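Notes follow the structure.
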Amino acid sequence: GEYDPFEVYHKVIYTGRKHAALKVNLGVCIEDLVEGHLSTFEFDRMVCVDGERERQPERCQLQISVSKGMRPGTQFIFECEGDELSGVIPSDVVVTLVLEPHTRFLCAGDDLATVLHLPIHHALSAAPCSVLGVDGRTLRLQPPKGVPVLPGTLLKCPSEGLPLPHDPSLRGDLYVRFEVHWPSALSLSPDQASTLNSLFSSAPYALPPSVHAE
């Protein structure tokens, strides 16, 4: 018989059924969580054509405003923007923020962590050094004076982590772990070797008995 354009509407109203949600993962970087970002993404959904008798894929586009302080796992729901099926309410699109790997930072809750590589002479002198923060600012670091920087030493930079979800004006901390590198080759004159020996032989050590020189 003749196609009734209200047939699907009546079926939807009286059945109350809804198509299963269309789930989409949206990758975000740490900088997006720190500064905020308007993200446009594309996804595929199935739509009804030919009087609801057929379905075909359709490429769609939506926008999400990622605010400062949001966290991975945050979800956005776009009602009835997903797959269509004759006789049921179109599905919701459920978008979940997923953190992409970063080249310099790790994320742990509200805090960030990074690694700073030091040559051995900088580590021994405990000289001031700097690290690039997540927002691009140069952060000055001062290791404890008079103590060599050991591999694995941690320094905390307060309020240089992620904005807090409940108050983005506040931030977590940034933890900097030091890695110390020795030269791959070293040519010393007899005088230089003697100077090094004098410097290090008088320095205090905390060595276990098994590695003391005889």
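By order of appearance in the structure tokens: chains A, B, ..., then residues from 1 within every chain, and ligands from 1 in the order shown.
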Spatial neighbours of Cys80 (chain A), max dist 8 Å, only C-alpha atoms, sep filter under 4 positions, as a PDB file with all heavy atoms, in the first residue's frame:
ATOM      1  N   ILE A  89      14.172   4.183  18.149  1.00  0.00           N
ATOM      2  CA  ILE A  89      14.770   5.510  18.302  1.00  0.00           C
ATOM      3  C   ILE A  89      16.245   5.427  17.917  1.00  0.00           C
ATOM      4  O   ILE A  89      16.946   4.486  18.312  1.00  0.00           O
ATOM      5  CB  ILE A  89      14.638   5.987  19.763  1.00  0.00           C
ATOM      6  CG1 ILE A  89      13.153   6.031  20.160  1.00  0.00           C
ATOM      7  CG2 ILE A  89      15.275   7.357  19.958  1.00  0.00           C
ATOM      8  CD1 ILE A  89      12.924   6.288  21.633  1.00  0.00           C
ATOM      9  N   PRO A  90      16.764   6.400  17.130  1.00  0.00           N
ATOM     10  CA  PRO A  90      18.191   6.376  16.774  1.00  0.00           C
ATOM     11  C   PRO A  90      19.083   6.341  18.014  1.00  0.00           C
ATOM     12  O   PRO A  90      18.725   6.862  19.072  1.00  0.00           O
ATOM     13  CB  PRO A  90      18.375   7.681  15.987  1.00  0.00           C
ATOM     14  CG  PRO A  90      17.024   8.004  15.453  1.00  0.00           C
ATOM     15  CD  PRO A  90      16.052   7.526  16.508  1.00  0.00           C
ATOM     16  N   SER A  91      20.220   5.747  17.869  1.00  0.00           N
ATOM     17  CA  SER A  91      21.115   5.563  19.010  1.00  0.00           C
ATOM     18  C   SER A  91      21.798   6.870  19.401  1.00  0.00           C
ATOM     19  O   SER A  91      21.907   7.805  18.608  1.00  0.00           O
ATOM     20  CB  SER A  91      22.176   4.510  18.682  1.00  0.00           C
ATOM     21  OG  SER A  91      23.092   5.011  17.723  1.00  0.00           O
ATOM     22  N   ASP A  92      22.246   6.904  20.647  1.00  0.00           N
ATOM     23  CA  ASP A  92      23.101   7.999  21.101  1.00  0.00           C
ATOM     24  C   ASP A  92      24.537   7.732  20.663  1.00  0.00           C
ATOM     25  O   ASP A  92      24.948   6.585  20.481  1.00  0.00           O
ATOM     26  CB  ASP A  92      23.064   8.112  22.630  1.00  0.00           C
ATOM     27  CG  ASP A  92      21.674   8.440  23.161  1.00  0.00           C
ATOM     28  OD1 ASP A  92      20.853   8.965  22.386  1.00  0.00           O
ATOM     29  OD2 ASP A  92      21.422   8.149  24.345  1.00  0.00           O
ATOM     30  N   VAL A  93      25.284   8.808  20.494  1.00  0.00           N
ATOM     31  CA  VAL A  93      26.730   8.698  20.275  1.00  0.00           C
ATOM     32  C   VAL A  93      27.412   8.997  21.602  1.00  0.00           C
ATOM     33  O   VAL A  93      27.242  10.089  22.162  1.00  0.00           O
ATOM     34  CB  VAL A  93      27.220   9.670  19.187  1.00  0.00           C
ATOM     35  CG1 VAL A  93      28.738   9.571  19.021  1.00  0.00           C
ATOM     36  CG2 VAL A  93      26.539   9.378  17.862  1.00  0.00           C
TER      37      VAL A  93
END
Which polymer residues have any atom within 12 Å of an atom of region 188-198 of chain A, counting only C-alpha atoms, with same-chain residues fewer than 4 positions away left out, as a PDB file with C-alpha atoms, in the first residue's frame?
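To be explicit, this is the file written out as selection_9.pdb:
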ATOM      1  CA  HIS A 121      79.794  16.702  35.319  1.00  0.00           C
ATOM      2  CA  SER A 202      88.507  12.522  49.804  1.00  0.00           C
ATOM      3  CA  ALA A 203      84.748  12.472  49.187  1.00  0.00           C
TER       4      ALA A 203
END
Selection near Pro143 (chain A), 10 Å with only C-alpha atoms, sequence-local residues under 4 positions removed, as a list in words: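 Non-adjacent residues within range: Ala123, Ser125, Ala126, Ala127, Pro128, Cys129, Val147, Pro148, Val149, Thr153, Leu154 and Leu155 of chain A.
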Distance criterion (only C-alpha atoms): nearest to Asp32 (chain A) out of A:Pro163, A:Pro151, A:Gly146, A:Pro208: A:Pro163
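Among the candidates A:Lys23, A:Asp173, A:Val66, A:Ile30, the residue lying nearest to Leu106 (chain A) is A:Ile30 (atoms considered: only C-alpha atoms).
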Please, what distance in Å, to one decimal, runs between CA of Arg140 (chain A) and CA of Leu124 (chain A)?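 CA of Leu124 (chain A) lies at a distance of 17.8 Å from CA of Arg140 (chain A).
Shortest separation to Glu81 (chain A) among A:His19, A:Leu99, A:Gly152, A:Gly109 occurs at residue A:His19, atoms counted being only C-alpha atoms.
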Nearest to Ile120 (chain A): which of A:Gln61, A:Ser169, A:Ser184, A:Asn25 is it, counting only C-alpha atoms?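 Among the listed residues, A:Ser184 lies closest to Ile120 (chain A).
Between CA of Leu116 (chain A) and CA of Val34 (chain A) lies a distance of 20.9 Å.
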So which bits of region 99-161 of chain A end up strand (DSSP E or B) when you DSSP the backbone, as a PyMOL selection string? chain A and resi 99+106-108+111-119+129-132+138-141+154-157
Written selection (N, CA, C and O atoms) as a short mmCIF file (atom, residue, chain, number, x, y, z; two decimals), in the first residue's frame:
data_model
loop_
_atom_site.label_atom_id
_atom_site.label_comp_id
_atom_site.auth_asym_id
_atom_site.auth_seq_id
_atom_site.Cartn_x
_atom_site.Cartn_y
_atom_site.Cartn_z
N LEU A 99 43.51 9.29 26.50
CA LEU A 99 44.78 10.01 26.50
C LEU A 99 45.77 9.36 25.55
O LEU A 99 46.05 8.17 25.64
N LEU A 106 54.44 11.78 31.44
CA LEU A 106 53.49 10.76 31.87
C LEU A 106 52.48 11.41 32.78
O LEU A 106 52.80 12.35 33.52
N CYS A 107 51.25 10.91 32.74
CA CYS A 107 50.17 11.47 33.54
C CYS A 107 49.80 10.48 34.63
O CYS A 107 49.59 9.29 34.37
N ALA A 108 49.71 10.96 35.88
CA ALA A 108 49.31 10.13 37.01
C ALA A 108 48.35 10.93 37.88
O ALA A 108 48.78 11.71 38.75
N ASP A 111 48.94 14.75 38.63
CA ASP A 111 50.36 15.06 38.49
C ASP A 111 50.91 14.61 37.14
O ASP A 111 50.37 13.72 36.47
N LEU A 112 52.03 15.23 36.77
CA LEU A 112 52.77 14.85 35.58
C LEU A 112 54.18 14.44 35.99
O LEU A 112 54.68 14.84 37.05
N ALA A 113 54.82 13.65 35.16
CA ALA A 113 56.20 13.23 35.41
C ALA A 113 56.99 13.31 34.11
O ALA A 113 56.44 13.06 33.03
N THR A 114 58.24 13.68 34.23
CA THR A 114 59.12 13.75 33.06
C THR A 114 60.53 13.35 33.48
O THR A 114 60.82 13.22 34.68
N VAL A 115 61.39 13.15 32.49
CA VAL A 115 62.77 12.74 32.74
C VAL A 115 63.70 13.82 32.22
O VAL A 115 63.51 14.34 31.11
N LEU A 116 64.71 14.16 33.02
CA LEU A 116 65.74 15.11 32.60
C LEU A 116 67.08 14.39 32.59
O LEU A 116 67.48 13.80 33.59
N HIS A 117 67.76 14.43 31.45
CA HIS A 117 69.04 13.74 31.29
C HIS A 117 70.18 14.72 31.57
O HIS A 117 70.24 15.81 30.99
N LEU A 118 71.10 14.30 32.46
CA LEU A 118 72.23 15.15 32.84
C LEU A 118 73.55 14.46 32.51
O LEU A 118 73.70 13.26 32.80
N PRO A 119 74.51 15.19 31.95
CA PRO A 119 75.87 14.63 31.86
C PRO A 119 76.48 14.55 33.25
O PRO A 119 76.09 15.28 34.16
N CYS A 129 69.66 23.73 36.70
CA CYS A 129 69.33 23.23 35.37
C CYS A 129 67.89 23.63 35.08
O CYS A 129 67.23 24.28 35.90
N SER A 130 67.41 23.29 33.92
CA SER A 130 66.05 23.69 33.54
C SER A 130 65.36 22.56 32.79
O SER A 130 66.00 21.68 32.21
N VAL A 131 64.02 22.60 32.83
CA VAL A 131 63.20 21.63 32.13
C VAL A 131 62.03 22.38 31.51
O VAL A 131 61.58 23.40 32.05
N LEU A 132 61.57 21.90 30.38
CA LEU A 132 60.45 22.55 29.70
C LEU A 132 59.14 22.03 30.27
O LEU A 132 58.89 20.82 30.30
N THR A 138 59.91 27.57 30.50
CA THR A 138 61.14 26.99 31.02
C THR A 138 61.14 27.07 32.54
O THR A 138 61.00 28.15 33.11
N LEU A 139 61.27 25.92 33.19
CA LEU A 139 61.24 25.86 34.65
C LEU A 139 62.66 25.65 35.17
O LEU A 139 63.36 24.71 34.75
N ARG A 140 63.09 26.52 36.06
CA ARG A 140 64.43 26.42 36.63
C ARG A 140 64.42 25.45 37.81
O ARG A 140 63.54 25.50 38.68
N LEU A 141 65.40 24.57 37.84
CA LEU A 141 65.52 23.58 38.91
C LEU A 141 66.85 23.77 39.63
O LEU A 141 67.88 24.03 39.00
N LEU A 154 64.49 12.50 42.37
CA LEU A 154 63.25 13.18 42.01
C LEU A 154 63.22 14.60 42.58
O LEU A 154 63.59 14.81 43.73
N LEU A 155 62.78 15.54 41.75
CA LEU A 155 62.50 16.89 42.21
C LEU A 155 61.05 17.23 41.86
O LEU A 155 60.57 16.89 40.79
N LYS A 156 60.38 17.89 42.78
CA LYS A 156 58.99 18.27 42.56
C LYS A 156 58.89 19.74 42.19
O LYS A 156 59.47 20.60 42.85
N CYS A 157 58.15 20.01 41.11
CA CYS A 157 57.82 21.38 40.73
C CYS A 157 56.35 21.61 41.08
O CYS A 157 55.46 21.16 40.36
#
With distances taken over only C-alpha atoms, which of A:Gly51, A:Pro57, A:Gly69, A:Pro144 is nearest to Ser86 (chain A)?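 Checking each candidate against Ser86 (chain A), we get A:Gly51 as the closest.
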DSSP on the backbone: what in chain A comes out helix (DSSP H, G or I), as an MDAnalysis selection string? chainID A and resid 7:15 30:35 120:125 190:201 209:211
Interatomic distance between CA of Val88 (chain A) and CA of Glu58 (chain A)? 18.2 Å
Give me the residues within 12 Å of Gly27 (chain A) as a list in words, counting only C-alpha atoms and dropping any in the same chain fewer than 3 places off.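 So the residues in contact are Val24, Ile30, Glu31, Asp32, Leu33, His37, Ser39, Thr40, Phe41, Ile64, Val66, Arg71, Pro72, Gly73, Thr74, Val95, Thr96, Leu97, Val98, Leu99, Glu100, Pro101 and His102 of chain A.
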Rank A:Glu42, A:Gly36, A:Gly87, A:Arg17 by their smallest atom-to-atom distance to Pro168 (chain A), using only C-alpha atoms, and report the top residue only.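 Going through A:Glu42, A:Gly36, A:Gly87, A:Arg17 one by one, the smallest distance to Pro168 (chain A) is for A:Gly36.
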